[in-house]
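A.B. asks: Structure incoming, see below.
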Amino acid sequence: MKEYRLTKEGYDKLIEEKDDLISNKRKEIAERLRDAKDNAGDLAENTEYEYAKNEQAFIEGRLEQINRILDKHIIIDGNGDKDIIDLGSTIEVRDLDSNKKRKYLLVSSVESDPENHKISDESPMGKALLGKKAGEEIQVRTPRSIIRFKVLEIK
């Protein structure tokens, strides 16, 4: 079975999401289902009831997914070796074409959030960075081109 590597922050967010789904979202959906049943006769033609049932299925599926992750997780705190990039490493790179500096946190796909500079180890950028050292150059193939980076610092 797959093992999920999480940062402490990612683990805490999953626990928070799980608690919210159980404590709040399930109750909200139960009330909506009850209201939809009470306000309409034929459930087969009740779109509000169908919508609430679909949302209930989504919530239960997400809870199942979170539980699967939490059952098989390990918490990582960087690799302890600031010389080599691994999950949990914060990396500063320079785009060699634009000369812009960027910082990324390398995380598992469970925690990936590119808008907040958290890149997955399974993404093209993440794969290119894994195992690299400061001073090394990497190339990342995108649908449009190849982007070149130089690793400046590993934290």
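All residue names refer to the structure tokens as shown: chains lettered A, B, ... in order, residues numbered from 1 in each chain, ligands numbered from 1 in order.
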Please provide the set of residues having any atom within 9 Å of Glu48 (chain A), restricted to only C-alpha atoms, with same-chain residues fewer than 5 positions apart removed, written as a list in words.
C.D. replies: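 Answer for this query is Arg32, Leu33, Ala36 and Lys53 of chain A.
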A.B. asks: Using only C-alpha atoms, I'd like a table of the residues in region 35-141 of chain A that come within 8 Å of region 6-12 of chain A; for each, show the closest atom pair and its distance in Å rounded to one decimal, ordered by chain and ascending number, as CSV.
C.D. replies:
residue,atom,partner,partner_atom,distance
A:Leu70,CA,A:Tyr11,CA,7.9
A:His73,CA,A:Leu6,CA,6.7
A:Ile74,CA,A:Leu6,CA,6.2
A:Ile75,CA,A:Leu6,CA,4.9
A:Ile76,CA,A:Thr7,CA,5.2
A:Asp77,CA,A:Thr7,CA,6.1
A:Gly88,CA,A:Thr7,CA,6.6
A:Val107,CA,A:Leu6,CA,7.2
A:Ser108,CA,A:Leu6,CA,6.5
A:Val110,CA,A:Leu6,CA,7.6
A:Glu111,CA,A:Gly10,CA,5.9
A.B. asks: Near Arg68 (chain A), within 12 Å and counting only C-alpha atoms, which residues show up once chain neighbours fewer than 4 positions away are dropped, as a PyMOL selection string?
C.D. replies: chain A and resi 1-4+14+18+61-64+72-73+110
A.B. asks: Now that the selection is made, can you save its residues with C-alpha atoms as an mmCIF file, in the first residue's frame?
C.D. replies:
data_model
loop_
_atom_site.group_PDB
_atom_site.id
_atom_site.type_symbol
_atom_site.label_atom_id
_atom_site.label_comp_id
_atom_site.auth_asym_id
_atom_site.auth_seq_id
_atom_site.Cartn_x
_atom_site.Cartn_y
_atom_site.Cartn_z
ATOM 1 C CA MET A 1 0.000 0.000 0.000
ATOM 2 C CA LYS A 2 1.178 3.533 -0.743
ATOM 3 C CA GLU A 3 2.859 5.492 2.030
ATOM 4 C CA TYR A 4 2.053 9.212 2.179
ATOM 5 C CA LEU A 14 -5.717 17.297 6.796
ATOM 6 C CA LYS A 18 -11.381 16.062 8.448
ATOM 7 C CA GLY A 61 -15.406 10.317 -0.597
ATOM 8 C CA ARG A 62 -13.100 13.061 0.638
ATOM 9 C CA LEU A 63 -13.303 11.706 4.190
ATOM 10 C CA GLU A 64 -12.386 8.257 2.909
ATOM 11 C CA LYS A 72 -0.529 5.379 5.927
ATOM 12 C CA HIS A 73 1.363 8.618 6.546
ATOM 13 C CA VAL A 110 -1.124 15.371 -1.303
#
A.B. asks: If you run DSSP on the backbone here, which positions in chain A get strand (DSSP E or B)? Please write them as an MDAnalysis selection string.
C.D. replies: chainID A and resid 4:6 73:75 90:95 101:107 113 118:120 137:141 146:154
A.B. asks: What's around region 132-135 of chain A at 9 Å? Count only C-alpha atoms, leave out sequence neighbours fewer than 5 positions away in its own chain, and write the answer as a list in words.
C.D. replies: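 That gives Lys82, Asp83, Ile84, Ile85, Asp86, Ile91, Glu92, Val93, Lys150, Val151, Leu152, Glu153 and Ile154 of chain A.
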A.B. asks: Based on the selection just made, write all heavy atoms of those residues as a tab-separated table (two decimals), in the first residue's frame.
C.D. replies:
chain	number	residue	atom	x	y	z
A	82	LYS	N	21.02	19.38	4.36
A	82	LYS	CA	20.79	20.62	3.61
A	82	LYS	C	21.60	20.67	2.31
A	82	LYS	O	21.57	21.65	1.60
A	82	LYS	CB	21.13	21.84	4.48
A	82	LYS	CG	20.35	21.90	5.76
A	82	LYS	CD	18.87	22.06	5.50
A	82	LYS	CE	18.13	22.22	6.81
A	82	LYS	NZ	16.75	21.89	6.76
A	83	ASP	N	22.33	19.58	2.02
A	83	ASP	CA	23.13	19.55	0.80
A	83	ASP	C	22.39	18.95	-0.37
A	83	ASP	O	22.75	19.19	-1.52
A	83	ASP	CB	24.42	18.76	1.04
A	83	ASP	CG	25.35	19.45	2.03
A	83	ASP	OD1	25.32	20.70	2.09
A	83	ASP	OD2	26.09	18.75	2.74
A	84	ILE	N	21.36	18.15	-0.10
A	84	ILE	CA	20.65	17.43	-1.17
A	84	ILE	C	19.15	17.70	-1.04
A	84	ILE	O	18.58	17.62	0.05
A	84	ILE	CB	20.92	15.92	-1.10
A	84	ILE	CG1	22.41	15.65	-1.29
A	84	ILE	CG2	20.09	15.18	-2.14
A	84	ILE	CD1	22.80	14.20	-1.10
A	85	ILE	N	18.50	17.99	-2.15
A	85	ILE	CA	17.07	18.30	-2.16
A	85	ILE	C	16.26	17.02	-2.00
A	85	ILE	O	16.49	16.03	-2.70
A	85	ILE	CB	16.67	19.01	-3.47
A	85	ILE	CG1	17.41	20.36	-3.57
A	85	ILE	CG2	15.16	19.21	-3.53
A	85	ILE	CD1	17.25	21.04	-4.91
A	86	ASP	N	15.32	17.07	-1.04
A	86	ASP	CA	14.40	15.97	-0.80
A	86	ASP	C	13.07	16.57	-0.35
A	86	ASP	O	12.95	17.79	-0.20
A	86	ASP	CB	14.96	15.03	0.27
A	86	ASP	CG	14.25	13.67	0.30
A	86	ASP	OD1	13.40	13.40	-0.58
A	86	ASP	OD2	14.54	12.89	1.22
A	91	ILE	N	13.75	25.34	-1.37
A	91	ILE	CA	14.77	25.53	-2.38
A	91	ILE	C	14.66	26.92	-2.99
A	91	ILE	O	13.56	27.37	-3.32
A	91	ILE	CB	14.61	24.50	-3.52
A	91	ILE	CG1	14.53	23.08	-2.97
A	91	ILE	CG2	15.73	24.62	-4.54
A	91	ILE	CD1	13.19	22.47	-3.12
A	92	GLU	N	15.78	27.59	-3.11
A	92	GLU	CA	15.81	28.85	-3.84
A	92	GLU	C	16.53	28.59	-5.15
A	92	GLU	O	17.62	28.01	-5.17
A	92	GLU	CB	16.53	29.94	-3.06
A	92	GLU	CG	16.48	31.28	-3.76
A	92	GLU	CD	17.08	32.42	-2.94
A	92	GLU	OE1	17.74	32.15	-1.92
A	92	GLU	OE2	16.90	33.58	-3.35
A	93	VAL	N	15.87	28.98	-6.23
A	93	VAL	CA	16.43	28.77	-7.56
A	93	VAL	C	16.43	30.09	-8.32
A	93	VAL	O	15.71	31.02	-7.98
A	93	VAL	CB	15.64	27.72	-8.37
A	93	VAL	CG1	15.71	26.35	-7.71
A	93	VAL	CG2	14.22	28.13	-8.61
A	150	LYS	N	18.94	27.29	-11.87
A	150	LYS	CA	20.13	26.97	-11.10
A	150	LYS	C	19.71	26.94	-9.62
A	150	LYS	O	19.04	27.85	-9.15
A	150	LYS	CB	21.23	28.02	-11.30
A	150	LYS	CG	22.49	27.70	-10.54
A	150	LYS	CD	23.63	28.64	-10.87
A	150	LYS	CE	24.90	28.18	-10.18
A	150	LYS	NZ	26.03	28.98	-10.60
A	151	VAL	N	20.09	25.88	-8.92
A	151	VAL	CA	19.78	25.76	-7.50
A	151	VAL	C	20.74	26.66	-6.73
A	151	VAL	O	21.96	26.49	-6.81
A	151	VAL	CB	19.92	24.30	-7.01
A	151	VAL	CG1	19.66	24.22	-5.51
A	151	VAL	CG2	19.00	23.38	-7.78
A	152	LEU	N	20.20	27.65	-6.02
A	152	LEU	CA	21.02	28.60	-5.28
A	152	LEU	C	21.23	28.16	-3.83
A	152	LEU	O	22.34	28.25	-3.31
A	152	LEU	CB	20.39	29.98	-5.31
A	152	LEU	CG	20.19	30.61	-6.69
A	152	LEU	CD1	19.48	31.95	-6.57
A	152	LEU	CD2	21.53	30.76	-7.42
A	153	GLU	N	20.14	27.70	-3.21
A	153	GLU	CA	20.22	27.39	-1.78
A	153	GLU	C	19.20	26.33	-1.42
A	153	GLU	O	18.10	26.29	-1.98
A	153	GLU	CB	19.97	28.67	-0.97
A	153	GLU	CG	20.20	28.53	0.49
A	153	GLU	CD	20.03	29.86	1.24
A	153	GLU	OE1	19.65	30.87	0.62
A	153	GLU	OE2	20.25	29.85	2.46
A	154	ILE	N	19.56	25.49	-0.46
A	154	ILE	CA	18.67	24.46	0.07
A	154	ILE	C	18.54	24.68	1.56
A	154	ILE	O	19.53	24.78	2.27
A	154	ILE	CB	19.22	23.04	-0.20
A	154	ILE	CG1	19.49	22.84	-1.69
A	154	ILE	CG2	18.25	21.99	0.34
A	154	ILE	CD1	20.33	21.61	-2.00
A.B. asks: Out of A:Leu21, A:Arg34, A:Gly131, A:Asn116, which residue has the shortest atom-to-atom distance to Glu60 (chain A) when counting only C-alpha atoms?
C.D. replies: A:Leu21
A.B. asks: Just the alpha helix (DSSP H) stuff from chain A, please, per backbone DSSP, written as a PyMOL selection string.
C.D. replies: chain A and resi 8-20+26-39+47-71+124-129
A.B. asks: Neighbouring residues of Ile59 (chain A) were defined as those with any atom within 12 Å, considering only C-alpha atoms; residues of the same chain fewer than 4 positions away were excluded. Please report them as a list in words.
C.D. replies: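 The residues satisfying every condition are Glu17, Lys18, Asp19, Asp20, Leu21, Ile22, Ser23, Asn24, Lys25, Arg26, Lys27, Glu28, Ile29, Ala30, Ala52, Lys53, Asn54, Glu55, Leu63, Glu64, Gln65 and Ile66 of chain A.
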A.B. asks: What does the structure give for the distance between CA of Thr90 (chain A) and CA of Lys103 (chain A), in Å to one decimal?
C.D. replies: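 Straight-line distance from CA of Thr90 (chain A) to CA of Lys103 (chain A) works out to 6.9 Å.
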A.B. asks: Of the residues A:Ser120, A:Glu137, A:Lys37, A:Ser145, which is the one nearest to Arg94 (chain A), using only C-alpha atoms?
C.D. replies: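 Among A:Ser120, A:Glu137, A:Lys37, A:Ser145, it is A:Glu137 that comes nearest to Arg94 (chain A).
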